Amino acid sequence: MAAPPTPRTFLGRLSLPERNFVANALRAETVGGVLLLVAAVTALIWANTPLGDSYESVRDFHMGPSALGLDLSIQHWAADGLLAVFFFVAGIELKRELVAGELRDPKAAALPVIAAVCGMAMPAFVYLLVVTVGGGSTDGWAVPTATDIAFALAVLAVIGTSLPSALRAFLLTLAVVDDLFAILIIAVFFTSDLNFAALAGAVIGLGVFWLLLRKGVRGWYVYIPLALVIWGLMYNSGIHSTIAGVAMGLMLRCTRREGEEHSPGEHIEHLVRPLSAGLAVPLFALFSAGVIVTGDSLTDVFTKPETLGVVLGLVVGKAIGIFGGTWLAARFTRAELNEDLAWPDVFAVAALAGIGFTVSLLIGELAFAGNPVLTDEVKAAVLMGSLIAAVFAAILLKLRVRKYSALVEAEERDEDRDGIPDIYEQDNPEYHLRMAAIYEEKAAEHRRKAELAGASRDSGDSPA
């Protein structure tokens, strides 16, 4: 009789290489998230002070070669140009997850993928329900579906909460899958009339890019000009230009060959991520988040169906969708939750995923491109929904901060000082021998101190 299948552990301990990768990736995202937060606040202050006219002047200033169809506003350059860098990094992250990360094993990938899909479907459903009842436009259904991991990590940094590595990896995987579906939504639903000549040129350029990678050609002076040509052709094709960034990111090899310390994809991601997180995304936020905030505009956020749908989609839809999808998937796949964590932890991370800043702002601009008033109102709704989700998640996470601190401390402890956390060396005899030597040395030191203390006490007790 066959033994019953062993239940899988959900949110279990990561392997050491995966833990190190997640830690490095999220460290960069956290710094970028803080810059993103600063840029958003700066934009709001700039747009709502007497300098507001200068903000609009800078944002709407046009530059670029009109002969190439690239005479764009600064805001447009930020959304279509700089965000292509962000999506290039997203493409590399997705490729790595598919070939070397959590998504390479279909069984292990099932839970985060189902959670991410439900975390996008439920906000869209909530939005459509609200606008249907309120008689609003359904064009913005995709606005509340995105998660901004950089902003979420900035919130964690601000409130001083460190998540255990399993929860951090879950949040990162959610964001990667979320980015994949956001890319598909942008490509499928926000493509204007196609220019087939430009599209053919972009496809040929991508083919050359792929061929050069296959041949092992190196040199930034080859790839950067080619990438700019591909981006320009993609922009003029009618397909959103950020798709060019994703496509090039997916073409990079993210598996290591013998003798390689890092794959080409990992190396390039390490080089480009600071540009994406530290410059591209904050500048996009600076020129997209500057909406006029008044008492009436804040009231409109909670009274107009489109804006209320965005807020509820981010705050309610994301939390229910991710938590509900995770719980159902775990139940039907016989996955058992890590004994160190509890389902409220999953719900807190689901609430944190309701911070949908960067891609939500981009989709809002695309969805209501012909209605600048509604575009600004939807942007305000994205900001308000993300703020509410951040506060709600912060409260939930603070309730468990002592538990998280203890888990993080245990994950980071390295008493033998060999650079590897002790929790990963419990099956290594050499580790235990090193620890035995350390404790023997400490024991000898304490015996010596005891003898000195005893001698000192005896000397003090002797008669003068």
# chains A, B, ... in the order shown; residues from 1 in each chain; ligands from 1
call {"tool": "closest_atom_pairs", "arguments": {"of": "stretch 261-351 of chain A", "to": "stretch 144-149 of chain A", "cutoff": "12 Å", "atoms": "only C-alpha atoms", "output": "JSON lines"}}
result
{"residue": "A:Ala277", "atom": "CA", "partner": "A:Ile149", "partner_atom": "CA", "distance": 10.9}
{"residue": "A:Val281", "atom": "CA", "partner": "A:Asp148", "partner_atom": "CA", "distance": 10.7}
{"residue": "A:Ala285", "atom": "CA", "partner": "A:Asp148", "partner_atom": "CA", "distance": 11.9}
{"residue": "A:Glu306", "atom": "CA", "partner": "A:Pro144", "partner_atom": "CA", "distance": 10.7}
{"residue": "A:Thr307", "atom": "CA", "partner": "A:Pro144", "partner_atom": "CA", "distance": 10.1}
{"residue": "A:Leu308", "atom": "CA", "partner": "A:Pro144", "partner_atom": "CA", "distance": 10.7}
{"residue": "A:Gly309", "atom": "CA", "partner": "A:Pro144", "partner_atom": "CA", "distance": 8.2}
{"residue": "A:Val310", "atom": "CA", "partner": "A:Pro144", "partner_atom": "CA", "distance": 5.3}
{"residue": "A:Val311", "atom": "CA", "partner": "A:Pro144", "partner_atom": "CA", "distance": 7.5}
{"residue": "A:Leu312", "atom": "CA", "partner": "A:Pro144", "partner_atom": "CA", "distance": 8.4}
{"residue": "A:Gly313", "atom": "CA", "partner": "A:Pro144", "partner_atom": "CA", "distance": 5.4}
{"residue": "A:Leu314", "atom": "CA", "partner": "A:Pro144", "partner_atom": "CA", "distance": 5.2}
{"residue": "A:Val315", "atom": "CA", "partner": "A:Pro144", "partner_atom": "CA", "distance": 8.9}
{"residue": "A:Val316", "atom": "CA", "partner": "A:Pro144", "partner_atom": "CA", "distance": 10.2}
{"residue": "A:Gly317", "atom": "CA", "partner": "A:Pro144", "partner_atom": "CA", "distance": 8.3}
{"residue": "A:Lys318", "atom": "CA", "partner": "A:Thr145", "partner_atom": "CA", "distance": 7.5}
{"residue": "A:Ala319", "atom": "CA", "partner": "A:Thr147", "partner_atom": "CA", "distance": 11.3}
{"residue": "A:Gly321", "atom": "CA", "partner": "A:Thr145", "partner_atom": "CA", "distance": 10.3}
{"residue": "A:Ile322", "atom": "CA", "partner": "A:Thr145", "partner_atom": "CA", "distance": 11.1}
{"residue": "A:Val349", "atom": "CA", "partner": "A:Ile149", "partner_atom": "CA", "distance": 11.0}
{"residue": "A:Ala350", "atom": "CA", "partner": "A:Thr147", "partner_atom": "CA", "distance": 10.1}
{"residue": "A:Ala351", "atom": "CA", "partner": "A:Thr147", "partner_atom": "CA", "distance": 10.5}
call {"tool": "residues_around", "arguments": {"residues": "stretch 357-374 of chain A", "least_positions_apart": "2", "cutoff": "8 Å", "atoms": "only C-alpha atoms", "output": "PDB file with all heavy atoms, in the first residue's frame"}}
result
ATOM      1  N   ALA A  79       6.909  58.097 -18.138  1.00  0.00           N
ATOM      2  CA  ALA A  79       6.009  56.940 -18.154  1.00  0.00           C
ATOM      3  C   ALA A  79       6.410  55.918 -19.206  1.00  0.00           C
ATOM      4  O   ALA A  79       6.361  54.706 -18.962  1.00  0.00           O
ATOM      5  CB  ALA A  79       4.570  57.399 -18.380  1.00  0.00           C
ATOM      6  N   ASP A 139     -13.679  51.453 -17.535  1.00  0.00           N
ATOM      7  CA  ASP A 139     -12.359  51.500 -18.171  1.00  0.00           C
ATOM      8  C   ASP A 139     -11.214  51.309 -17.177  1.00  0.00           C
ATOM      9  O   ASP A 139     -10.126  50.869 -17.558  1.00  0.00           O
ATOM     10  CB  ASP A 139     -12.171  52.839 -18.900  1.00  0.00           C
ATOM     11  CG  ASP A 139     -13.070  52.969 -20.116  1.00  0.00           C
ATOM     12  OD1 ASP A 139     -13.626  51.940 -20.556  1.00  0.00           O
ATOM     13  OD2 ASP A 139     -13.226  54.098 -20.622  1.00  0.00           O
ATOM     14  N   GLY A 140     -11.445  51.642 -15.920  1.00  0.00           N
ATOM     15  CA  GLY A 140     -10.357  51.578 -14.938  1.00  0.00           C
ATOM     16  C   GLY A 140     -10.279  50.282 -14.161  1.00  0.00           C
ATOM     17  O   GLY A 140      -9.642  50.251 -13.094  1.00  0.00           O
ATOM     18  N   ALA A 142      -8.499  47.752 -14.373  1.00  0.00           N
ATOM     19  CA  ALA A 142      -7.158  47.206 -14.119  1.00  0.00           C
ATOM     20  C   ALA A 142      -6.341  48.058 -13.159  1.00  0.00           C
ATOM     21  O   ALA A 142      -5.277  47.623 -12.714  1.00  0.00           O
ATOM     22  CB  ALA A 142      -6.398  47.064 -15.442  1.00  0.00           C
ATOM     23  N   VAL A 143      -6.818  49.265 -12.813  1.00  0.00           N
ATOM     24  CA  VAL A 143      -6.020  50.174 -11.987  1.00  0.00           C
ATOM     25  C   VAL A 143      -5.666  49.569 -10.629  1.00  0.00           C
ATOM     26  O   VAL A 143      -4.510  49.628 -10.198  1.00  0.00           O
ATOM     27  CB  VAL A 143      -6.735  51.532 -11.819  1.00  0.00           C
ATOM     28  CG1 VAL A 143      -5.970  52.433 -10.844  1.00  0.00           C
ATOM     29  CG2 VAL A 143      -6.891  52.223 -13.164  1.00  0.00           C
ATOM     30  N   PRO A 144      -6.619  48.969  -9.901  1.00  0.00           N
ATOM     31  CA  PRO A 144      -6.272  48.473  -8.553  1.00  0.00           C
ATOM     32  C   PRO A 144      -5.655  47.080  -8.529  1.00  0.00           C
ATOM     33  O   PRO A 144      -5.489  46.499  -7.454  1.00  0.00           O
ATOM     34  CB  PRO A 144      -7.624  48.480  -7.834  1.00  0.00           C
ATOM     35  CG  PRO A 144      -8.613  48.203  -8.913  1.00  0.00           C
ATOM     36  CD  PRO A 144      -8.066  48.843 -10.159  1.00  0.00           C
ATOM     37  N   THR A 145      -5.294  46.533  -9.697  1.00  0.00           N
ATOM     38  CA  THR A 145      -4.802  45.151  -9.711  1.00  0.00           C
ATOM     39  C   THR A 145      -3.320  45.027  -9.392  1.00  0.00           C
ATOM     40  O   THR A 145      -2.836  43.933  -9.120  1.00  0.00           O
ATOM     41  CB  THR A 145      -5.055  44.510 -11.099  1.00  0.00           C
ATOM     42  OG1 THR A 145      -4.353  45.270 -12.099  1.00  0.00           O
ATOM     43  CG2 THR A 145      -6.537  44.478 -11.427  1.00  0.00           C
ATOM     44  N   ALA A 146      -2.568  46.132  -9.422  1.00  0.00           N
ATOM     45  CA  ALA A 146      -1.106  46.059  -9.310  1.00  0.00           C
ATOM     46  C   ALA A 146      -0.632  46.213  -7.865  1.00  0.00           C
ATOM     47  O   ALA A 146      -1.291  46.830  -7.042  1.00  0.00           O
ATOM     48  CB  ALA A 146      -0.464  47.137 -10.181  1.00  0.00           C
ATOM     49  N   THR A 147       0.546  45.639  -7.599  1.00  0.00           N
ATOM     50  CA  THR A 147       1.211  45.777  -6.300  1.00  0.00           C
ATOM     51  C   THR A 147       2.565  46.442  -6.509  1.00  0.00           C
ATOM     52  O   THR A 147       3.296  46.070  -7.424  1.00  0.00           O
ATOM     53  CB  THR A 147       1.421  44.403  -5.643  1.00  0.00           C
ATOM     54  OG1 THR A 147       0.155  43.847  -5.309  1.00  0.00           O
ATOM     55  CG2 THR A 147       2.257  44.531  -4.368  1.00  0.00           C
ATOM     56  N   ASP A 148       2.898  47.415  -5.681  1.00  0.00           N
ATOM     57  CA  ASP A 148       4.192  48.090  -5.770  1.00  0.00           C
ATOM     58  C   ASP A 148       5.070  47.620  -4.617  1.00  0.00           C
ATOM     59  O   ASP A 148       4.948  48.097  -3.492  1.00  0.00           O
ATOM     60  CB  ASP A 148       4.003  49.611  -5.701  1.00  0.00           C
ATOM     61  CG  ASP A 148       5.267  50.354  -6.103  1.00  0.00           C
ATOM     62  OD1 ASP A 148       6.356  49.920  -5.695  1.00  0.00           O
ATOM     63  OD2 ASP A 148       5.161  51.359  -6.832  1.00  0.00           O
ATOM     64  N   PHE A 151       7.329  50.304  -2.784  1.00  0.00           N
ATOM     65  CA  PHE A 151       6.601  51.139  -1.841  1.00  0.00           C
ATOM     66  C   PHE A 151       6.232  50.328  -0.596  1.00  0.00           C
ATOM     67  O   PHE A 151       6.306  50.823   0.538  1.00  0.00           O
ATOM     68  CB  PHE A 151       5.329  51.693  -2.494  1.00  0.00           C
ATOM     69  CG  PHE A 151       5.007  53.098  -2.091  1.00  0.00           C
ATOM     70  CD1 PHE A 151       4.697  54.051  -3.042  1.00  0.00           C
ATOM     71  CD2 PHE A 151       5.022  53.483  -0.758  1.00  0.00           C
ATOM     72  CE1 PHE A 151       4.409  55.367  -2.680  1.00  0.00           C
ATOM     73  CE2 PHE A 151       4.732  54.783  -0.383  1.00  0.00           C
ATOM     74  CZ  PHE A 151       4.418  55.722  -1.346  1.00  0.00           C
ATOM     75  N   ALA A 182       0.406  42.397 -15.088  1.00  0.00           N
ATOM     76  CA  ALA A 182       0.283  43.815 -15.426  1.00  0.00           C
ATOM     77  C   ALA A 182       0.822  44.067 -16.834  1.00  0.00           C
ATOM     78  O   ALA A 182       0.239  44.835 -17.614  1.00  0.00           O
ATOM     79  CB  ALA A 182       1.038  44.663 -14.405  1.00  0.00           C
ATOM     80  N   ILE A 186      -1.346  45.536 -19.961  1.00  0.00           N
ATOM     81  CA  ILE A 186      -0.930  46.713 -20.730  1.00  0.00           C
ATOM     82  C   ILE A 186      -0.816  46.367 -22.214  1.00  0.00           C
ATOM     83  O   ILE A 186      -1.274  47.119 -23.086  1.00  0.00           O
ATOM     84  CB  ILE A 186       0.408  47.258 -20.198  1.00  0.00           C
ATOM     85  CG1 ILE A 186       0.203  47.860 -18.800  1.00  0.00           C
ATOM     86  CG2 ILE A 186       0.986  48.306 -21.137  1.00  0.00           C
ATOM     87  CD1 ILE A 186       1.493  48.226 -18.102  1.00  0.00           C
ATOM     88  N   PHE A 190      -4.280  47.938 -23.668  1.00  0.00           N
ATOM     89  CA  PHE A 190      -3.927  49.346 -23.870  1.00  0.00           C
ATOM     90  C   PHE A 190      -3.012  49.527 -25.069  1.00  0.00           C
ATOM     91  O   PHE A 190      -2.079  50.322 -25.049  1.00  0.00           O
ATOM     92  CB  PHE A 190      -3.278  49.916 -22.602  1.00  0.00           C
ATOM     93  CG  PHE A 190      -4.202  49.894 -21.418  1.00  0.00           C
ATOM     94  CD1 PHE A 190      -4.017  48.979 -20.395  1.00  0.00           C
ATOM     95  CD2 PHE A 190      -5.272  50.756 -21.347  1.00  0.00           C
ATOM     96  CE1 PHE A 190      -4.880  48.934 -19.309  1.00  0.00           C
ATOM     97  CE2 PHE A 190      -6.149  50.725 -20.265  1.00  0.00           C
ATOM     98  CZ  PHE A 190      -5.954  49.809 -19.251  1.00  0.00           C
ATOM     99  N   VAL A 281      12.036  54.986 -11.455  1.00  0.00           N
ATOM    100  CA  VAL A 281      10.727  54.939 -10.789  1.00  0.00           C
ATOM    101  C   VAL A 281      10.459  56.198  -9.958  1.00  0.00           C
ATOM    102  O   VAL A 281       9.354  56.751 -10.017  1.00  0.00           O
ATOM    103  CB  VAL A 281      10.603  53.661  -9.936  1.00  0.00           C
ATOM    104  CG1 VAL A 281       9.291  53.649  -9.162  1.00  0.00           C
ATOM    105  CG2 VAL A 281      10.692  52.422 -10.824  1.00  0.00           C
ATOM    106  N   PHE A 284       9.420  58.914 -12.343  1.00  0.00           N
ATOM    107  CA  PHE A 284       8.046  58.681 -12.804  1.00  0.00           C
ATOM    108  C   PHE A 284       7.051  59.143 -11.742  1.00  0.00           C
ATOM    109  O   PHE A 284       6.059  59.810 -12.043  1.00  0.00           O
ATOM    110  CB  PHE A 284       7.834  57.197 -13.110  1.00  0.00           C
ATOM    111  CG  PHE A 284       6.385  56.832 -13.299  1.00  0.00           C
ATOM    112  CD1 PHE A 284       5.706  57.159 -14.452  1.00  0.00           C
ATOM    113  CD2 PHE A 284       5.690  56.180 -12.280  1.00  0.00           C
ATOM    114  CE1 PHE A 284       4.360  56.836 -14.619  1.00  0.00           C
ATOM    115  CE2 PHE A 284       4.347  55.856 -12.437  1.00  0.00           C
ATOM    116  CZ  PHE A 284       3.682  56.177 -13.610  1.00  0.00           C
ATOM    117  N   ALA A 285       7.318  58.796 -10.485  1.00  0.00           N
ATOM    118  CA  ALA A 285       6.431  59.203  -9.398  1.00  0.00           C
ATOM    119  C   ALA A 285       6.383  60.723  -9.268  1.00  0.00           C
ATOM    120  O   ALA A 285       5.318  61.310  -9.041  1.00  0.00           O
ATOM    121  CB  ALA A 285       6.881  58.573  -8.084  1.00  0.00           C
ATOM    122  N   SER A 288       4.088  62.045 -11.944  1.00  0.00           N
ATOM    123  CA  SER A 288       2.766  61.429 -12.061  1.00  0.00           C
ATOM    124  C   SER A 288       1.921  61.592 -10.806  1.00  0.00           C
ATOM    125  O   SER A 288       0.688  61.543 -10.879  1.00  0.00           O
ATOM    126  CB  SER A 288       2.891  59.933 -12.386  1.00  0.00           C
ATOM    127  OG  SER A 288       3.394  59.736 -13.683  1.00  0.00           O
ATOM    128  N   ALA A 289       2.565  61.757  -9.651  1.00  0.00           N
ATOM    129  CA  ALA A 289       1.826  61.796  -8.382  1.00  0.00           C
ATOM    130  C   ALA A 289       1.410  63.198  -7.977  1.00  0.00           C
ATOM    131  O   ALA A 289       0.762  63.374  -6.943  1.00  0.00           O
ATOM    132  CB  ALA A 289       2.667  61.170  -7.273  1.00  0.00           C
ATOM    133  N   ILE A 355      -0.801  48.133  -1.605  1.00  0.00           N
ATOM    134  CA  ILE A 355      -0.085  49.348  -2.008  1.00  0.00           C
ATOM    135  C   ILE A 355       0.226  49.209  -3.489  1.00  0.00           C
ATOM    136  O   ILE A 355       1.133  48.481  -3.884  1.00  0.00           O
ATOM    137  CB  ILE A 355       1.204  49.518  -1.182  1.00  0.00           C
ATOM    138  CG1 ILE A 355       0.869  49.611   0.311  1.00  0.00           C
ATOM    139  CG2 ILE A 355       1.966  50.751  -1.635  1.00  0.00           C
ATOM    140  CD1 ILE A 355       2.080  49.611   1.203  1.00  0.00           C
ATOM    141  N   ASP A 376      -6.643  62.536 -13.068  1.00  0.00           N
ATOM    142  CA  ASP A 376      -6.121  63.071 -11.802  1.00  0.00           C
ATOM    143  C   ASP A 376      -6.911  62.538 -10.611  1.00  0.00           C
ATOM    144  O   ASP A 376      -6.333  62.269  -9.550  1.00  0.00           O
ATOM    145  CB  ASP A 376      -6.176  64.597 -11.820  1.00  0.00           C
ATOM    146  CG  ASP A 376      -5.033  65.200 -12.641  1.00  0.00           C
ATOM    147  OD1 ASP A 376      -4.114  64.446 -12.992  1.00  0.00           O
ATOM    148  OD2 ASP A 376      -5.085  66.405 -12.925  1.00  0.00           O
ATOM    149  N   GLU A 377      -8.225  62.400 -10.775  1.00  0.00           N
ATOM    150  CA  GLU A 377      -9.046  61.875  -9.678  1.00  0.00           C
ATOM    151  C   GLU A 377      -8.681  60.417  -9.376  1.00  0.00           C
ATOM    152  O   GLU A 377      -8.616  60.012  -8.209  1.00  0.00           O
ATOM    153  CB  GLU A 377     -10.529  61.996 -10.028  1.00  0.00           C
ATOM    154  CG  GLU A 377     -11.020  63.438 -10.065  1.00  0.00           C
ATOM    155  CD  GLU A 377     -12.449  63.549 -10.593  1.00  0.00           C
ATOM    156  OE1 GLU A 377     -12.941  62.588 -11.209  1.00  0.00           O
ATOM    157  OE2 GLU A 377     -13.070  64.607 -10.378  1.00  0.00           O
ATOM    158  N   VAL A 378      -8.430  59.647 -10.420  1.00  0.00           N
ATOM    159  CA  VAL A 378      -8.045  58.242 -10.230  1.00  0.00           C
ATOM    160  C   VAL A 378      -6.657  58.164  -9.593  1.00  0.00           C
ATOM    161  O   VAL A 378      -6.396  57.300  -8.746  1.00  0.00           O
ATOM    162  CB  VAL A 378      -8.103  57.483 -11.571  1.00  0.00           C
ATOM    163  CG1 VAL A 378      -7.390  56.138 -11.469  1.00  0.00           C
ATOM    164  CG2 VAL A 378      -9.546  57.266 -11.993  1.00  0.00           C
ATOM    165  N   LYS A 379      -5.759  59.059  -9.976  1.00  0.00           N
ATOM    166  CA  LYS A 379      -4.439  59.104  -9.335  1.00  0.00           C
ATOM    167  C   LYS A 379      -4.583  59.391  -7.839  1.00  0.00           C
ATOM    168  O   LYS A 379      -3.906  58.773  -7.007  1.00  0.00           O
ATOM    169  CB  LYS A 379      -3.572  60.171  -9.992  1.00  0.00           C
ATOM    170  CG  LYS A 379      -3.038  59.805 -11.359  1.00  0.00           C
ATOM    171  CD  LYS A 379      -2.141  60.928 -11.868  1.00  0.00           C
ATOM    172  CE  LYS A 379      -1.563  60.618 -13.223  1.00  0.00           C
ATOM    173  NZ  LYS A 379      -0.677  61.702 -13.706  1.00  0.00           N
ATOM    174  N   VAL A 382      -5.635  56.292  -6.191  1.00  0.00           N
ATOM    175  CA  VAL A 382      -4.517  55.350  -6.026  1.00  0.00           C
ATOM    176  C   VAL A 382      -3.680  55.734  -4.807  1.00  0.00           C
ATOM    177  O   VAL A 382      -3.307  54.872  -3.987  1.00  0.00           O
ATOM    178  CB  VAL A 382      -3.640  55.316  -7.294  1.00  0.00           C
ATOM    179  CG1 VAL A 382      -2.348  54.547  -7.035  1.00  0.00           C
ATOM    180  CG2 VAL A 382      -4.400  54.686  -8.456  1.00  0.00           C
ATOM    181  N   LEU A 383      -3.404  57.018  -4.670  1.00  0.00           N
ATOM    182  CA  LEU A 383      -2.625  57.486  -3.523  1.00  0.00           C
ATOM    183  C   LEU A 383      -3.366  57.222  -2.219  1.00  0.00           C
ATOM    184  O   LEU A 383      -2.780  56.740  -1.247  1.00  0.00           O
ATOM    185  CB  LEU A 383      -2.333  58.978  -3.665  1.00  0.00           C
ATOM    186  CG  LEU A 383      -1.439  59.388  -4.843  1.00  0.00           C
ATOM    187  CD1 LEU A 383      -1.368  60.907  -4.951  1.00  0.00           C
ATOM    188  CD2 LEU A 383      -0.051  58.799  -4.703  1.00  0.00           C
ATOM    189  N   SER A 386      -3.588  53.392  -1.525  1.00  0.00           N
ATOM    190  CA  SER A 386      -2.287  52.876  -1.098  1.00  0.00           C
ATOM    191  C   SER A 386      -1.970  53.306   0.329  1.00  0.00           C
ATOM    192  O   SER A 386      -1.409  52.532   1.115  1.00  0.00           O
ATOM    193  CB  SER A 386      -1.191  53.362  -2.054  1.00  0.00           C
ATOM    194  OG  SER A 386      -1.402  52.864  -3.363  1.00  0.00           O
TER     195      SER A 386
END
call {"tool": "closest_residue", "arguments": {"among": "A:Leu194, A:Phe287, A:Tyr221, A:Met251", "to": "A:Ser54", "atoms": "only C-alpha atoms"}}
result
A:Phe287
call {"tool": "closest_atom_pairs", "arguments": {"of": "stretch 294-382 of chain A", "to": "stretch 98-108 of chain A", "cutoff": "12 Å", "atoms": "only C-alpha atoms", "output": "Markdown table"}}
result
| residue | atom | partner | partner_atom | distance |
| --- | --- | --- | --- | --- |
| A:Ala329 | CA | A:Lys107 | CA | 11.0 |
| A:Ala330 | CA | A:Ala108 | CA | 10.9 |
| A:Thr333 | CA | A:Lys107 | CA | 8.8 |
| A:Arg334 | CA | A:Lys107 | CA | 11.1 |
| A:Ala335 | CA | A:Ala108 | CA | 9.7 |
call {"tool": "closest_residue", "arguments": {"among": "A:Ala115, A:Ala198, A:Phe323, A:His267", "to": "A:Ile230", "atoms": "only C-alpha atoms"}}
result
A:Ala198
call {"tool": "closest_residue", "arguments": {"among": "A:Ala453, A:Leu35, A:Leu11, A:Val293", "to": "A:Val155", "atoms": "only C-alpha atoms"}}
result
A:Leu35
call {"tool": "atom_distance", "arguments": {"atom1": "atom CA of A:Asp179", "atom2": "atom CA of A:Cys118"}}
result
13.9 Å
call {"tool": "residues_around", "arguments": {"residues": "stretch 426-440 of chain A", "least_positions_apart": "4", "cutoff": "9 Å", "atoms": "only C-alpha atoms", "output": "PyMOL selection string"}}
result
chain A and resi 415-416+422+444-445
call {"tool": "write_last_selection", "arguments": {"atoms": "C-alpha atoms", "output": "PDB file, in the first residue's frame"}}
result
ATOM      1  CA  GLU A 415      27.649  32.284  16.408  1.00  0.00           C
ATOM      2  CA  ASP A 416      30.564  30.519  14.711  1.00  0.00           C
ATOM      3  CA  ASP A 422      23.572  28.748  12.082  1.00  0.00           C
ATOM      4  CA  ALA A 444      37.531  27.846  30.339  1.00  0.00           C
ATOM      5  CA  GLU A 445      37.293  31.639  30.490  1.00  0.00           C
TER       6      GLU A 445
END
call {"tool": "closest_residue", "arguments": {"among": "A:Ala244, A:Ala406, A:Val188, A:Ala348", "to": "A:Val89", "atoms": "only C-alpha atoms"}}
result
A:Ala244
call {"tool": "closest_atom_pairs", "arguments": {"of": "stretch 130-245 of chain A", "to": "stretch 19-26 of chain A", "cutoff": "8 Å", "atoms": "only C-alpha atoms", "output": "JSON lines"}}
result
{"residue": "A:Leu153", "atom": "CA", "partner": "A:Leu26", "partner_atom": "CA", "distance": 7.6}
{"residue": "A:Ser165", "atom": "CA", "partner": "A:Arg19", "partner_atom": "CA", "distance": 6.7}
{"residue": "A:Arg168", "atom": "CA", "partner": "A:Val22", "partner_atom": "CA", "distance": 7.5}
{"residue": "A:Ala169", "atom": "CA", "partner": "A:Val22", "partner_atom": "CA", "distance": 6.2}
{"residue": "A:Leu172", "atom": "CA", "partner": "A:Val22", "partner_atom": "CA", "distance": 7.8}
call {"tool": "residues_around", "arguments": {"residues": "A:Leu250", "least_positions_apart": "6", "cutoff": "10 Å", "atoms": "only C-alpha atoms", "output": "PyMOL selection string"}}
result
chain A and resi 88-96+210+265
call {"tool": "write_last_selection", "arguments": {"atoms": "all heavy atoms", "output": "compact mmCIF listing (two decimals), in the first residue's frame"}}
result
# COMPACT_ATOMS: atom_id res chain seq x y z
N PHE A 88 12.23 46.34 -17.65
CA PHE A 88 13.38 45.52 -18.05
C PHE A 88 13.86 44.70 -16.85
O PHE A 88 14.08 43.48 -16.96
CB PHE A 88 14.49 46.42 -18.56
CG PHE A 88 15.78 45.71 -18.86
CD1 PHE A 88 15.89 44.84 -19.93
CD2 PHE A 88 16.91 45.92 -18.06
CE1 PHE A 88 17.08 44.18 -20.21
CE2 PHE A 88 18.10 45.27 -18.33
CZ PHE A 88 18.19 44.39 -19.40
N VAL A 89 13.98 45.36 -15.70
CA VAL A 89 14.37 44.65 -14.48
C VAL A 89 13.30 43.63 -14.09
O VAL A 89 13.61 42.51 -13.67
CB VAL A 89 14.62 45.65 -13.33
CG1 VAL A 89 14.88 44.92 -12.01
CG2 VAL A 89 15.79 46.55 -13.66
N ALA A 90 12.03 44.00 -14.25
CA ALA A 90 10.93 43.07 -13.95
C ALA A 90 11.02 41.84 -14.85
O ALA A 90 10.75 40.71 -14.40
CB ALA A 90 9.59 43.76 -14.13
N GLY A 91 11.38 42.03 -16.11
CA GLY A 91 11.53 40.90 -17.02
C GLY A 91 12.64 39.96 -16.59
O GLY A 91 12.50 38.73 -16.64
N ILE A 92 13.78 40.54 -16.12
CA ILE A 92 14.88 39.70 -15.62
C ILE A 92 14.44 38.94 -14.38
O ILE A 92 14.73 37.74 -14.23
CB ILE A 92 16.12 40.57 -15.31
CG1 ILE A 92 16.61 41.29 -16.56
CG2 ILE A 92 17.24 39.69 -14.74
CD1 ILE A 92 17.76 42.25 -16.30
N GLU A 93 13.73 39.61 -13.46
CA GLU A 93 13.25 38.95 -12.24
C GLU A 93 12.32 37.80 -12.59
O GLU A 93 12.40 36.71 -11.99
CB GLU A 93 12.51 39.96 -11.36
CG GLU A 93 13.41 40.99 -10.69
CD GLU A 93 12.61 41.99 -9.89
OE1 GLU A 93 11.39 42.13 -10.14
OE2 GLU A 93 13.19 42.64 -9.00
N LEU A 94 11.44 38.03 -13.54
CA LEU A 94 10.50 36.98 -13.94
C LEU A 94 11.26 35.80 -14.54
O LEU A 94 10.97 34.63 -14.21
CB LEU A 94 9.49 37.54 -14.93
CG LEU A 94 8.49 36.54 -15.52
CD1 LEU A 94 7.65 35.92 -14.41
CD2 LEU A 94 7.60 37.22 -16.54
N LYS A 95 12.22 36.09 -15.41
CA LYS A 95 13.00 35.01 -16.04
C LYS A 95 13.74 34.20 -14.96
O LYS A 95 13.75 32.96 -15.00
CB LYS A 95 13.99 35.63 -17.02
CG LYS A 95 14.92 34.63 -17.72
CD LYS A 95 14.15 33.74 -18.68
CE LYS A 95 15.11 32.87 -19.51
NZ LYS A 95 15.85 33.66 -20.51
N ARG A 96 14.34 34.90 -14.01
CA ARG A 96 15.06 34.20 -12.96
C ARG A 96 14.13 33.33 -12.12
O ARG A 96 14.47 32.20 -11.77
CB ARG A 96 15.81 35.20 -12.07
CG ARG A 96 16.72 34.51 -11.08
CD ARG A 96 17.04 35.36 -9.87
NE ARG A 96 17.61 34.50 -8.85
CZ ARG A 96 16.88 33.78 -7.99
NH1 ARG A 96 15.56 33.84 -8.03
NH2 ARG A 96 17.46 33.01 -7.09
N TRP A 210 18.48 39.08 -29.31
CA TRP A 210 18.55 37.67 -28.88
C TRP A 210 19.75 36.97 -29.51
O TRP A 210 20.47 36.21 -28.84
CB TRP A 210 17.25 36.97 -29.26
CG TRP A 210 17.24 35.51 -28.94
CD1 TRP A 210 16.97 34.92 -27.74
CD2 TRP A 210 17.51 34.43 -29.86
NE1 TRP A 210 17.05 33.55 -27.84
CE2 TRP A 210 17.38 33.22 -29.13
CE3 TRP A 210 17.84 34.36 -31.21
CZ2 TRP A 210 17.58 31.98 -29.72
CZ3 TRP A 210 18.03 33.12 -31.80
CH2 TRP A 210 17.91 31.96 -31.05
N GLY A 265 22.15 37.47 -16.57
CA GLY A 265 20.95 38.16 -16.11
C GLY A 265 21.12 38.75 -14.72
O GLY A 265 20.75 39.90 -14.46
